[in-house]
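What follows is a short report on a single structure.
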Amino acid sequence: MRTLCSSTLIGEFLVIGFAGLVAMKDPGLSTATVWTVSGIAMFLCLALCGVVTRPGGIALGWILQVALIASGFVVPTMFFLGTVFAALWWASVHYGRKIDEAKARFAAESGSSTPDAA
């Protein structure tokens with residue numbers, strides 16, 4: 001699960017950076033505000049890569065997804081991109097758990113079987 005979720009978060013990191021560049025064109029927003037908010041969100045993406053498997057990591061990821069969608073009020077394209085990344089986040093969590101379960105099952109099966117004596 002960690003690999004899939006981290007890959008999604010790294011993609012979000014890049015998208016948030018590009019959204020910051022787009023938001024700078026809004027005359028109602030100061031450059032400092034745009035990069036403070038974008039920088040915090042980008043930092044959170046990277047920090048979540050390290051804590052995604054710890055308790056609360058997935059929930060923090062969901063909070064980030066909601067914030068990414070809400071950023072569409074500043075950069076309208078983010079409504080679409082935030083929804084896409086929320087779907088990717090769901091898929092990463094869902095299929096990542098299935099992969100982890102399959103790996104554990106395989107490890108248990110291969111560890112419990114004894115090699116045939118020749």
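Scheme for the structure tokens: letters A, B, ... for chains in order shown; per-chain residue numbers from 1; ligand numbers from 1 in order shown.
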Could you name the residues that touch region 14-27 of chain A at 10 Å or less, counting only C-alpha atoms, but leaving out those on the same chain fewer than 3 positions away, as an MDAnalysis selection string? chainID A and resid 9:11 30:39 41:42 45 68 71:72 74:78 81:82 85
Counting only C-alpha atoms, what is within 7 Å of region 48-62 of chain A, bar same-chain residues fewer than 4 positions away, as number ranges by chain? A: 2, 6, 9, 44, 66
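Across the structure, CA of Gly28 (chain A) and CA of Phe13 (chain A) are spaced 23.8 Å apart.
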May I have the residues within 12 Å of Gly96 (chain A) as a PDB file with N, CA, C and O atoms, in the first residue's frame, using only C-alpha atoms and disregarding those fewer than 5 positions away in the same chain?
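For reference, part.pdb as written:
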ATOM      1  N   MET A   1       0.828  -1.180   0.000  1.00  0.00           N
ATOM      2  CA  MET A   1       0.000   0.000   0.000  1.00  0.00           C
ATOM      3  C   MET A   1       0.875   1.247   0.000  1.00  0.00           C
ATOM      4  O   MET A   1       0.531   2.237  -0.626  1.00  0.00           O
ATOM      5  N   ARG A   2       1.973   1.168   0.712  1.00  0.00           N
ATOM      6  CA  ARG A   2       2.836   2.343   0.844  1.00  0.00           C
ATOM      7  C   ARG A   2       3.310   2.845  -0.524  1.00  0.00           C
ATOM      8  O   ARG A   2       3.324   4.042  -0.778  1.00  0.00           O
ATOM      9  N   THR A   3       3.682   1.943  -1.397  1.00  0.00           N
ATOM     10  CA  THR A   3       4.197   2.346  -2.712  1.00  0.00           C
ATOM     11  C   THR A   3       3.124   3.044  -3.536  1.00  0.00           C
ATOM     12  O   THR A   3       3.373   4.106  -4.113  1.00  0.00           O
ATOM     13  N   LEU A   4       1.939   2.462  -3.593  1.00  0.00           N
ATOM     14  CA  LEU A   4       0.866   3.065  -4.384  1.00  0.00           C
ATOM     15  C   LEU A   4       0.454   4.425  -3.828  1.00  0.00           C
ATOM     16  O   LEU A   4       0.300   5.396  -4.574  1.00  0.00           O
ATOM     17  N   CYS A   5       0.281   4.504  -2.516  1.00  0.00           N
ATOM     18  CA  CYS A   5      -0.130   5.771  -1.904  1.00  0.00           C
ATOM     19  C   CYS A   5       0.952   6.831  -2.064  1.00  0.00           C
ATOM     20  O   CYS A   5       0.651   7.997  -2.361  1.00  0.00           O
ATOM     21  N   SER A   6       2.199   6.444  -1.882  1.00  0.00           N
ATOM     22  CA  SER A   6       3.297   7.408  -2.040  1.00  0.00           C
ATOM     23  C   SER A   6       3.397   7.914  -3.470  1.00  0.00           C
ATOM     24  O   SER A   6       3.661   9.095  -3.697  1.00  0.00           O
ATOM     25  N   SER A   7       3.163   7.040  -4.431  1.00  0.00           N
ATOM     26  CA  SER A   7       3.189   7.459  -5.839  1.00  0.00           C
ATOM     27  C   SER A   7       2.103   8.487  -6.117  1.00  0.00           C
ATOM     28  O   SER A   7       2.330   9.481  -6.814  1.00  0.00           O
ATOM     29  N   THR A   8       0.923   8.267  -5.558  1.00  0.00           N
ATOM     30  CA  THR A   8      -0.173   9.227  -5.719  1.00  0.00           C
ATOM     31  C   THR A   8       0.190  10.561  -5.079  1.00  0.00           C
ATOM     32  O   THR A   8      -0.030  11.626  -5.662  1.00  0.00           O
ATOM     33  N   VAL A  52       2.147   7.171   5.814  1.00  0.00           N
ATOM     34  CA  VAL A  52       0.915   6.632   5.238  1.00  0.00           C
ATOM     35  C   VAL A  52       0.529   5.289   5.850  1.00  0.00           C
ATOM     36  O   VAL A  52      -0.651   4.972   5.942  1.00  0.00           O
ATOM     37  N   THR A  53       1.477   4.513   6.312  1.00  0.00           N
ATOM     38  CA  THR A  53       1.156   3.198   6.889  1.00  0.00           C
ATOM     39  C   THR A  53       0.951   3.259   8.395  1.00  0.00           C
ATOM     40  O   THR A  53       0.597   2.255   9.000  1.00  0.00           O
ATOM     41  N   ILE A  58      -3.822   7.330   6.538  1.00  0.00           N
ATOM     42  CA  ILE A  58      -4.810   7.292   5.457  1.00  0.00           C
ATOM     43  C   ILE A  58      -5.824   8.414   5.647  1.00  0.00           C
ATOM     44  O   ILE A  58      -6.209   9.095   4.688  1.00  0.00           O
ATOM     45  N   LEU A  88      -7.715   8.377  -7.419  1.00  0.00           N
ATOM     46  CA  LEU A  88      -6.440   7.654  -7.377  1.00  0.00           C
ATOM     47  C   LEU A  88      -6.064   7.281  -5.945  1.00  0.00           C
ATOM     48  O   LEU A  88      -5.518   6.203  -5.699  1.00  0.00           O
ATOM     49  N   TRP A  89      -6.348   8.177  -5.008  1.00  0.00           N
ATOM     50  CA  TRP A  89      -6.063   7.894  -3.596  1.00  0.00           C
ATOM     51  C   TRP A  89      -6.901   6.699  -3.126  1.00  0.00           C
ATOM     52  O   TRP A  89      -6.389   5.797  -2.476  1.00  0.00           O
ATOM     53  N   TRP A  90      -8.189   6.712  -3.485  1.00  0.00           N
ATOM     54  CA  TRP A  90      -9.039   5.582  -3.119  1.00  0.00           C
ATOM     55  C   TRP A  90      -8.484   4.288  -3.708  1.00  0.00           C
ATOM     56  O   TRP A  90      -8.389   3.269  -3.013  1.00  0.00           O
ATOM     57  N   ALA A  91      -8.120   4.318  -4.987  1.00  0.00           N
ATOM     58  CA  ALA A  91      -7.596   3.118  -5.648  1.00  0.00           C
ATOM     59  C   ALA A  91      -6.287   2.671  -5.001  1.00  0.00           C
ATOM     60  O   ALA A  91      -6.060   1.472  -4.803  1.00  0.00           O
ATOM     61  N   GLU A 101      -2.350  -7.813   1.586  1.00  0.00           N
ATOM     62  CA  GLU A 101      -2.952  -9.065   2.058  1.00  0.00           C
ATOM     63  C   GLU A 101      -2.451 -10.254   1.238  1.00  0.00           C
ATOM     64  O   GLU A 101      -2.149 -11.314   1.796  1.00  0.00           O
ATOM     65  N   ALA A 102      -2.341 -10.083  -0.066  1.00  0.00           N
ATOM     66  CA  ALA A 102      -1.859 -11.166  -0.927  1.00  0.00           C
ATOM     67  C   ALA A 102      -0.401 -11.491  -0.608  1.00  0.00           C
ATOM     68  O   ALA A 102      -0.014 -12.665  -0.564  1.00  0.00           O
ATOM     69  N   LYS A 103       0.411 -10.467  -0.366  1.00  0.00           N
ATOM     70  CA  LYS A 103       1.814 -10.702  -0.006  1.00  0.00           C
ATOM     71  C   LYS A 103       1.922 -11.453   1.315  1.00  0.00           C
ATOM     72  O   LYS A 103       2.729 -12.379   1.448  1.00  0.00           O
TER      73      LYS A 103
END
Extract the full set of alpha helix (DSSP H) residues from region 16-67 of chain A according to DSSP on the backbone, and format it as a PyMOL selection string. chain A and resi 16-23+31-51+57-67
note - CA of Phe79 (chain A) and CA of Ala67 (chain A) are separated by 10.2 Å
